[in-house]
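Text of model26.txt, listed as compact mmCIF, C-alpha atoms and all ligand atoms:
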# COMPACT_ATOMS: atom_id res chain seq x y z
CA MET A 22 80.93 72.04 83.21
CA ALA A 23 84.40 73.56 82.65
CA LEU A 24 87.24 74.94 84.75
CA ARG A 25 88.95 78.20 83.82
CA PRO A 26 91.28 80.73 85.46
CA TRP A 27 89.77 83.63 87.38
CA GLY A 28 89.73 87.01 85.62
CA ALA A 29 88.33 85.88 82.26
CA THR A 30 85.34 88.25 82.48
CA PRO A 31 84.96 91.74 84.03
CA LYS A 32 82.28 90.42 86.44
CA ASP A 33 84.58 87.82 88.05
CA ALA A 34 85.56 90.08 90.98
CA GLU A 35 81.90 90.73 91.78
CA PHE A 36 81.10 87.00 91.79
CA LEU A 37 84.12 86.25 93.96
CA ALA A 38 83.31 89.00 96.48
CA ALA A 39 79.73 87.67 96.74
CA ALA A 40 81.06 84.15 97.37
CA TRP A 41 83.44 85.30 100.13
CA ALA A 42 80.49 86.93 101.89
CA GLU A 43 78.21 83.86 101.66
CA GLU A 44 77.57 82.29 105.08
CA ASP A 45 78.72 78.69 104.46
CA ILE A 46 81.66 79.64 102.25
CA ALA A 47 82.87 82.16 104.85
CA ARG A 48 82.49 79.52 107.58
CA PHE A 49 83.99 76.46 105.93
CA CYS A 50 86.58 77.87 103.49
CA SER A 51 89.55 80.10 104.16
CA VAL A 52 88.52 83.43 102.66
CA PRO A 53 90.09 86.87 103.13
CA VAL A 54 88.78 89.10 105.94
CA ASP A 55 88.07 91.86 103.41
CA HIS A 56 85.09 90.59 101.37
CA GLY A 57 84.97 93.64 99.10
CA ARG A 58 85.04 93.76 95.31
CA ASP A 59 88.41 95.55 95.26
CA ALA A 60 89.94 92.88 97.50
CA ALA A 61 88.55 90.21 95.17
CA ALA A 62 89.96 92.03 92.11
CA ALA A 63 93.39 92.23 93.81
CA TRP A 64 93.26 88.51 94.68
CA ILE A 65 92.40 87.67 91.06
CA ALA A 66 95.26 89.87 89.80
CA GLY A 67 97.68 87.93 92.04
CA GLU A 68 96.56 84.49 90.85
CA PRO A 69 98.98 84.11 87.87
CA ASP A 70 101.94 84.90 90.15
CA ARG A 71 100.84 82.36 92.80
CA ARG A 72 100.34 79.80 90.04
CA ASP A 73 103.68 80.49 88.32
CA ARG A 74 105.52 80.23 91.66
CA GLY A 75 103.89 76.85 92.33
CA LEU A 76 102.09 78.12 95.45
CA ALA A 77 98.46 77.71 94.45
CA LEU A 78 96.07 77.15 91.57
CA ASP A 79 92.49 78.41 91.85
CA LEU A 80 89.98 77.85 89.06
CA ALA A 81 86.43 79.04 88.48
CA ILE A 82 83.86 76.29 87.89
CA THR A 83 81.83 77.45 84.90
CA GLU A 84 79.40 76.29 82.24
CA LEU A 85 81.07 74.79 79.17
CA GLY A 86 81.08 77.44 76.43
CA GLN A 87 79.67 80.09 78.79
CA PRO A 88 82.65 81.44 80.76
CA GLU A 89 80.53 84.23 82.25
CA VAL A 90 78.40 81.68 84.18
CA ILE A 91 80.25 80.92 87.41
CA PHE A 92 79.07 78.05 89.62
CA GLY A 93 81.93 78.04 92.12
CA GLU A 94 85.61 77.42 92.62
CA VAL A 95 88.04 74.56 93.03
CA GLY A 96 91.65 75.15 93.96
CA VAL A 97 94.79 73.70 95.47
CA THR A 98 97.59 75.11 97.57
CA MET A 99 101.02 73.53 97.72
CA ALA A 100 101.35 72.21 101.28
CA GLU A 101 104.67 70.32 101.05
CA PRO A 102 106.66 71.29 97.93
CA VAL A 103 109.43 68.71 98.49
CA LYS A 104 106.97 65.85 98.93
CA ARG A 105 104.62 67.37 96.30
CA TRP A 106 101.59 67.27 98.59
CA CYS A 107 98.68 69.65 97.97
CA GLU A 108 95.54 70.67 99.81
CA ILE A 109 92.30 70.97 97.84
CA GLY A 110 89.40 73.32 98.56
CA PHE A 111 86.13 74.07 96.78
CA TRP A 112 82.82 75.90 97.04
CA LEU A 113 79.65 76.38 95.04
CA PHE A 114 77.10 79.20 95.10
CA PRO A 115 74.01 78.09 97.08
CA GLY A 116 71.68 78.00 94.03
CA VAL A 117 73.75 75.39 92.20
CA ARG A 118 74.47 72.92 95.03
CA GLY A 119 73.13 69.39 95.20
CA GLU A 120 73.68 68.50 91.52
CA GLY A 121 77.12 66.92 91.67
CA ARG A 122 79.07 69.88 90.23
CA ALA A 123 81.56 70.02 93.10
CA SER A 124 82.43 66.33 92.67
CA LEU A 125 82.93 66.76 88.92
CA ALA A 126 85.27 69.70 89.48
CA VAL A 127 87.21 68.04 92.33
CA ASP A 128 87.51 64.83 90.32
CA ALA A 129 88.84 66.64 87.22
CA LEU A 130 91.44 68.67 89.12
CA THR A 131 92.49 65.67 91.25
CA ASP A 132 92.96 63.47 88.19
CA TRP A 133 95.03 66.13 86.38
CA LEU A 134 97.26 66.83 89.40
CA LEU A 135 97.96 63.18 90.24
CA ASN A 136 98.22 61.75 86.75
CA GLU A 137 99.67 64.60 84.70
CA HIS A 138 101.28 67.02 87.06
CA GLY A 139 103.45 64.89 89.35
CA ILE A 140 101.54 65.65 92.55
CA ARG A 141 101.94 62.68 94.91
CA ARG A 142 99.25 63.34 97.52
CA ILE A 143 96.21 65.60 97.81
CA PHE A 144 94.32 66.11 101.04
CA ALA A 145 91.13 67.88 102.07
CA ARG A 146 90.33 69.18 105.53
CA THR A 147 86.61 69.18 106.26
CA HIS A 148 84.72 70.56 109.24
CA PRO A 149 82.77 67.98 111.31
CA ASP A 150 79.60 70.07 110.78
CA ASN A 151 80.07 69.92 107.00
CA PRO A 152 79.46 66.27 105.96
CA ARG A 153 78.58 67.33 102.41
CA SER A 154 82.14 68.45 101.76
CA ALA A 155 83.52 65.12 103.00
CA ARG A 156 81.06 63.29 100.73
CA VAL A 157 82.18 65.36 97.74
CA VAL A 158 85.81 64.21 98.07
CA GLU A 159 84.85 60.65 99.05
CA ARG A 160 82.96 60.41 95.77
CA CYS A 161 86.25 61.30 94.06
CA GLY A 162 88.19 58.51 95.79
CA TYR A 163 89.58 60.37 98.81
CA GLN A 164 89.71 58.27 101.97
CA ALA A 165 89.41 59.29 105.60
CA ALA A 166 92.91 59.53 107.08
CA GLY A 167 92.16 60.76 110.57
CA GLU A 168 91.02 63.64 112.68
CA LEU A 169 92.88 66.69 113.98
CA ALA A 170 92.68 67.84 117.59
CA ASP A 171 89.91 70.35 116.79
CA GLY A 172 87.73 67.69 115.12
CA THR A 173 88.72 68.57 111.53
CA ILE A 174 88.43 65.46 109.34
CA VAL A 175 91.30 64.82 106.91
CA LEU A 176 90.73 62.88 103.69
CA VAL A 177 93.56 61.86 101.38
CA ILE A 178 94.17 60.54 97.88
CA ASP A 179 97.58 59.39 96.62
CA GLN A 180 99.14 59.17 93.19
CA PRO A 181 98.52 55.67 91.84
CA PRO A 182 101.65 53.48 91.66
CA PRO A 183 103.25 53.24 88.18
CA LEU A 184 101.98 50.33 86.05
C1 LIG A 201 80.45 71.46 99.98
C2 LIG A 201 79.69 71.82 98.73
C3 LIG A 201 80.66 72.25 97.63
C4 LIG A 201 78.91 70.57 98.26
O1 LIG A 201 78.18 70.89 97.15
P1 LIG A 201 77.33 69.84 96.31
O2 LIG A 201 78.08 69.24 95.20
O3 LIG A 201 76.12 70.60 95.94
O4 LIG A 201 77.05 68.69 97.33
P2 LIG A 201 75.69 67.87 97.49
O5 LIG A 201 74.61 68.76 98.00
O6 LIG A 201 75.45 67.17 96.20
O7 LIG A 201 76.06 66.87 98.60
C5 LIG A 201 77.20 66.07 98.50
C6 LIG A 201 76.93 64.80 99.27
O8 LIG A 201 76.58 65.10 100.62
C7 LIG A 201 75.31 64.53 100.93
N1 LIG A 201 74.64 65.45 101.84
C8 LIG A 201 73.92 66.51 101.55
N2 LIG A 201 73.45 67.07 102.68
C9 LIG A 201 73.92 66.32 103.70
C10 LIG A 201 73.79 66.37 105.12
N3 LIG A 201 73.10 67.34 105.72
N4 LIG A 201 74.39 65.41 105.85
C11 LIG A 201 75.11 64.42 105.27
N5 LIG A 201 75.29 64.35 103.93
C12 LIG A 201 74.68 65.27 103.16
C13 LIG A 201 74.62 64.40 99.57
O9 LIG A 201 73.62 63.39 99.59
C14 LIG A 201 75.79 63.98 98.72
O10 LIG A 201 76.15 62.63 98.98
P3 LIG A 201 75.96 61.42 97.94
O11 LIG A 201 77.04 61.56 96.93
O12 LIG A 201 76.16 60.22 98.77
O13 LIG A 201 74.59 61.59 97.38
C15 LIG A 201 78.68 72.97 98.96
O14 LIG A 201 77.76 72.56 99.93
C16 LIG A 201 79.35 74.27 99.38
O15 LIG A 201 79.81 75.05 98.55
N6 LIG A 201 79.40 74.52 100.71
C17 LIG A 201 80.04 75.74 101.25
C18 LIG A 201 81.55 75.73 101.07
C19 LIG A 201 82.19 74.45 101.60
O16 LIG A 201 81.76 73.88 102.58
N7 LIG A 201 83.26 74.02 100.90
C20 LIG A 201 84.03 72.84 101.29
C21 LIG A 201 85.13 73.21 102.25
S1 LIG A 201 86.17 71.82 102.60
What would the structure in this file look like if it were written as structure tokens?
Ligand SMILES: CC(C)(COP(=O)(O)OP(=O)(O)OC[C@H]1O[C@@H](n2cnc3c(N)ncnc32)[C@H](O)[C@@H]1OP(=O)(O)O)[C@@H](O)C(=O)NCCC(=O)NCCS
Amino acid sequence: MALRPWGATPKDAEFLAAAWAEEDIARFCSVPVDHGRDAAAAWIAGEPDRRDRGLALDLAITELGQPEVIFGEVGVTMAEPVKRWCEIGFWLFPGVRGEGRASLAVDALTDWLLNEHGIRRIFARTHPDNPRSARVVERCGYQAAGELADGTIVLVIDQPPPL
């Protein structure tokens, strides 16, 4: 498995548009209202700017050495720039779920952000009807931190203290 920026192959926009239209991804992730290929291409074109401005980083989860094979996405948005707190999100295409890929991707991005990028806290918000997503981040060391008024479960991981 490998992580790479979106836009590396001409088919990326098609894959992304298909993901935004998938039932569980549309329900449990924040995806644009317009699920079309052009909207996906525009979103991909805007990714370098969002990344350079420190607003968000979204990466395609792919097969090592085969960048055209896309399994899903893992990404973070900057929630509190002063505190350096981020929110993580992720999805996989239905055919490649259940084999631990989401955990590998979340673990890799979490480790890089906390240990090499100065991020102090990462949190995930998971829907109460989506226990799989909570399990994915729990496997990566996130711990339940509480529940929001609408039942959303919040899981958190913090930067380890310096040695
Ligand atoms: C969430 C998602 C990425 C998980 O993908 P995955 O890596 O294939 O996850 P798995 O199917 O391996 O399941 C993860 C864990 O949940 C458990 N699980 C699976 N189905 C479950 C269920 N119905 N109830 C409770 N736990 C369940 C698995 O056993 C596994 O736990 P384990 O580590 O203890 O074995 C994938 O389901 C997805 O893309 N869903 C749609 C988008 C989404 O929900 N994204 C997350 C938004 S926060």
Task: Shell of 7 Å around region 116-124 of chain A, all atoms listed in the file, local chain residues under 2 positions omitted, as a list in words - done: Phe92, Leu113, Phe114, Ala126, Val127, Asp128, Val157, Val158, Arg160 and Cys161 of chain A
Open item on the list: Please compute the CA of Ala29 (chain A)-CA of Gly75 (chain A) distance, one decimal, in Å.
Closed with: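 Going from CA of Ala29 (chain A) over to CA of Gly75 (chain A) covers 20.6 Å.
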- [ ] Quick one: everything within 6 Å of Glu94 (chain A), counting all atoms listed in the file, minus sequence neighbours fewer than 5 positions away in the same chain. Send it as JSON, numbers by chain.
- [x] {"A": [80, 81, 82, 111, 112]}
TODO: Have a look at A:Leu37, A:Ile143, A:Leu125, A:Ile65 and name the one nearest to Thr98 (chain A); count only C-alpha atoms.
DONE: A:Ile143
TODO: Go through A:Trp133, A:Trp41, A:Trp64, A:Trp106 and flag the residue nearest ligand LIG 201 (chain A), using all atoms listed in the file for the distances.
DONE: A:Trp41
- [ ] Record the distance separating atom O12 of ligand LIG 201 (chain A) and CA of Ile174 (chain A), expressed in Å with one decimal.
- [x] 17.0 Å
Axis-aligned box for region 34-47 of chain A, 8 Å per side, centre and edges in Å as lines of an AutoDock Vina configuration file:
center_x = 81.6
center_y = 84.7
center_z = 98.0
size_x = 24.0
size_y = 28.0
size_z = 30.1
Mind dumping region 80-91 of chain A from that block, keeping all heavy atoms, as an mmCIF file, in the first residue's frame?
data_model
loop_
_atom_site.group_PDB
_atom_site.id
_atom_site.type_symbol
_atom_site.label_atom_id
_atom_site.label_comp_id
_atom_site.auth_asym_id
_atom_site.auth_seq_id
_atom_site.Cartn_x
_atom_site.Cartn_y
_atom_site.Cartn_z
ATOM 1 N N LEU A 80 -4.977 12.435 0.446
ATOM 2 C CA LEU A 80 -4.111 11.525 -0.302
ATOM 3 C C LEU A 80 -4.893 10.302 -0.764
ATOM 4 O O LEU A 80 -5.748 9.784 -0.023
ATOM 5 C CB LEU A 80 -2.953 11.072 0.595
ATOM 6 C CG LEU A 80 -2.025 12.200 1.081
ATOM 7 C CD1 LEU A 80 -1.133 11.696 2.211
ATOM 8 C CD2 LEU A 80 -1.188 12.760 -0.063
ATOM 9 N N ALA A 81 -4.574 9.856 -1.975
ATOM 10 C CA ALA A 81 -5.176 8.611 -2.468
ATOM 11 C C ALA A 81 -4.423 7.431 -1.863
ATOM 12 O O ALA A 81 -3.190 7.463 -1.748
ATOM 13 C CB ALA A 81 -5.092 8.574 -3.985
ATOM 14 N N ILE A 82 -5.178 6.409 -1.467
ATOM 15 C CA ILE A 82 -4.584 5.160 -0.973
ATOM 16 C C ILE A 82 -4.455 4.243 -2.188
ATOM 17 O O ILE A 82 -5.477 3.911 -2.818
ATOM 18 C CB ILE A 82 -5.467 4.495 0.105
ATOM 19 C CG1 ILE A 82 -5.765 5.466 1.247
ATOM 20 C CG2 ILE A 82 -4.810 3.222 0.625
ATOM 21 C CD1 ILE A 82 -6.824 4.952 2.238
ATOM 22 N N THR A 83 -3.215 3.885 -2.530
ATOM 23 C CA THR A 83 -3.005 3.118 -3.761
ATOM 24 C C THR A 83 -2.159 1.878 -3.490
ATOM 25 O O THR A 83 -1.709 1.657 -2.369
ATOM 26 C CB THR A 83 -2.275 3.984 -4.824
ATOM 27 O OG1 THR A 83 -0.947 4.217 -4.383
ATOM 28 C CG2 THR A 83 -2.974 5.302 -5.056
ATOM 29 N N GLU A 84 -1.952 1.120 -4.571
ATOM 30 C CA GLU A 84 -1.078 -0.055 -4.494
ATOM 31 C C GLU A 84 0.355 0.409 -4.731
ATOM 32 O O GLU A 84 0.593 1.208 -5.645
ATOM 33 C CB GLU A 84 -1.505 -1.054 -5.585
ATOM 34 C CG GLU A 84 -0.799 -2.379 -5.556
ATOM 35 C CD GLU A 84 -1.212 -3.255 -4.382
ATOM 36 O OE1 GLU A 84 -0.786 -2.963 -3.234
ATOM 37 O OE2 GLU A 84 -1.935 -4.230 -4.610
ATOM 38 N N LEU A 85 1.275 -0.083 -3.916
ATOM 39 C CA LEU A 85 2.685 0.299 -4.068
ATOM 40 C C LEU A 85 3.159 -0.041 -5.486
ATOM 41 O O LEU A 85 2.989 -1.173 -5.950
ATOM 42 C CB LEU A 85 3.532 -0.450 -3.024
ATOM 43 C CG LEU A 85 4.986 -0.023 -2.892
ATOM 44 C CD1 LEU A 85 5.098 1.423 -2.444
ATOM 45 C CD2 LEU A 85 5.720 -0.919 -1.900
ATOM 46 N N GLY A 86 3.711 0.935 -6.185
ATOM 47 C CA GLY A 86 4.219 0.706 -7.544
ATOM 48 C C GLY A 86 3.149 0.691 -8.614
ATOM 49 O O GLY A 86 3.448 0.516 -9.788
ATOM 50 N N GLN A 87 1.878 0.843 -8.220
ATOM 51 C CA GLN A 87 0.782 0.871 -9.198
ATOM 52 C C GLN A 87 -0.135 2.063 -8.880
ATOM 53 O O GLN A 87 -1.239 1.880 -8.357
ATOM 54 C CB GLN A 87 -0.032 -0.425 -9.121
ATOM 55 C CG GLN A 87 0.709 -1.652 -9.633
ATOM 56 C CD GLN A 87 -0.163 -2.889 -9.509
ATOM 57 O OE1 GLN A 87 -0.063 -3.626 -8.535
ATOM 58 N NE2 GLN A 87 -1.042 -3.098 -10.460
ATOM 59 N N PRO A 88 0.326 3.273 -9.193
ATOM 60 C CA PRO A 88 -0.419 4.467 -8.782
ATOM 61 C C PRO A 88 -1.810 4.561 -9.403
ATOM 62 O O PRO A 88 -2.659 5.311 -8.909
ATOM 63 C CB PRO A 88 0.478 5.623 -9.263
ATOM 64 C CG PRO A 88 1.395 5.033 -10.272
ATOM 65 C CD PRO A 88 1.574 3.594 -9.908
ATOM 66 N N GLU A 89 -2.046 3.792 -10.463
ATOM 67 C CA GLU A 89 -3.368 3.852 -11.112
ATOM 68 C C GLU A 89 -4.414 3.026 -10.352
ATOM 69 O O GLU A 89 -5.613 3.156 -10.599
ATOM 70 C CB GLU A 89 -3.279 3.395 -12.583
ATOM 71 C CG GLU A 89 -3.005 1.912 -12.815
ATOM 72 C CD GLU A 89 -1.553 1.477 -12.520
ATOM 73 O OE1 GLU A 89 -0.723 2.322 -12.141
ATOM 74 O OE2 GLU A 89 -1.279 0.266 -12.658
ATOM 75 N N VAL A 90 -3.984 2.192 -9.408
ATOM 76 C CA VAL A 90 -4.922 1.383 -8.611
ATOM 77 C C VAL A 90 -5.268 2.170 -7.348
ATOM 78 O O VAL A 90 -4.422 2.361 -6.483
ATOM 79 C CB VAL A 90 -4.292 0.017 -8.231
ATOM 80 C CG1 VAL A 90 -5.234 -0.774 -7.331
ATOM 81 C CG2 VAL A 90 -3.928 -0.768 -9.472
ATOM 82 N N ILE A 91 -6.514 2.636 -7.272
ATOM 83 C CA ILE A 91 -6.907 3.455 -6.111
ATOM 84 C C ILE A 91 -7.850 2.653 -5.212
ATOM 85 O O ILE A 91 -8.899 2.192 -5.652
ATOM 86 C CB ILE A 91 -7.584 4.763 -6.565
ATOM 87 C CG1 ILE A 91 -6.606 5.582 -7.416
ATOM 88 C CG2 ILE A 91 -8.047 5.579 -5.359
ATOM 89 C CD1 ILE A 91 -7.168 6.894 -7.919
#
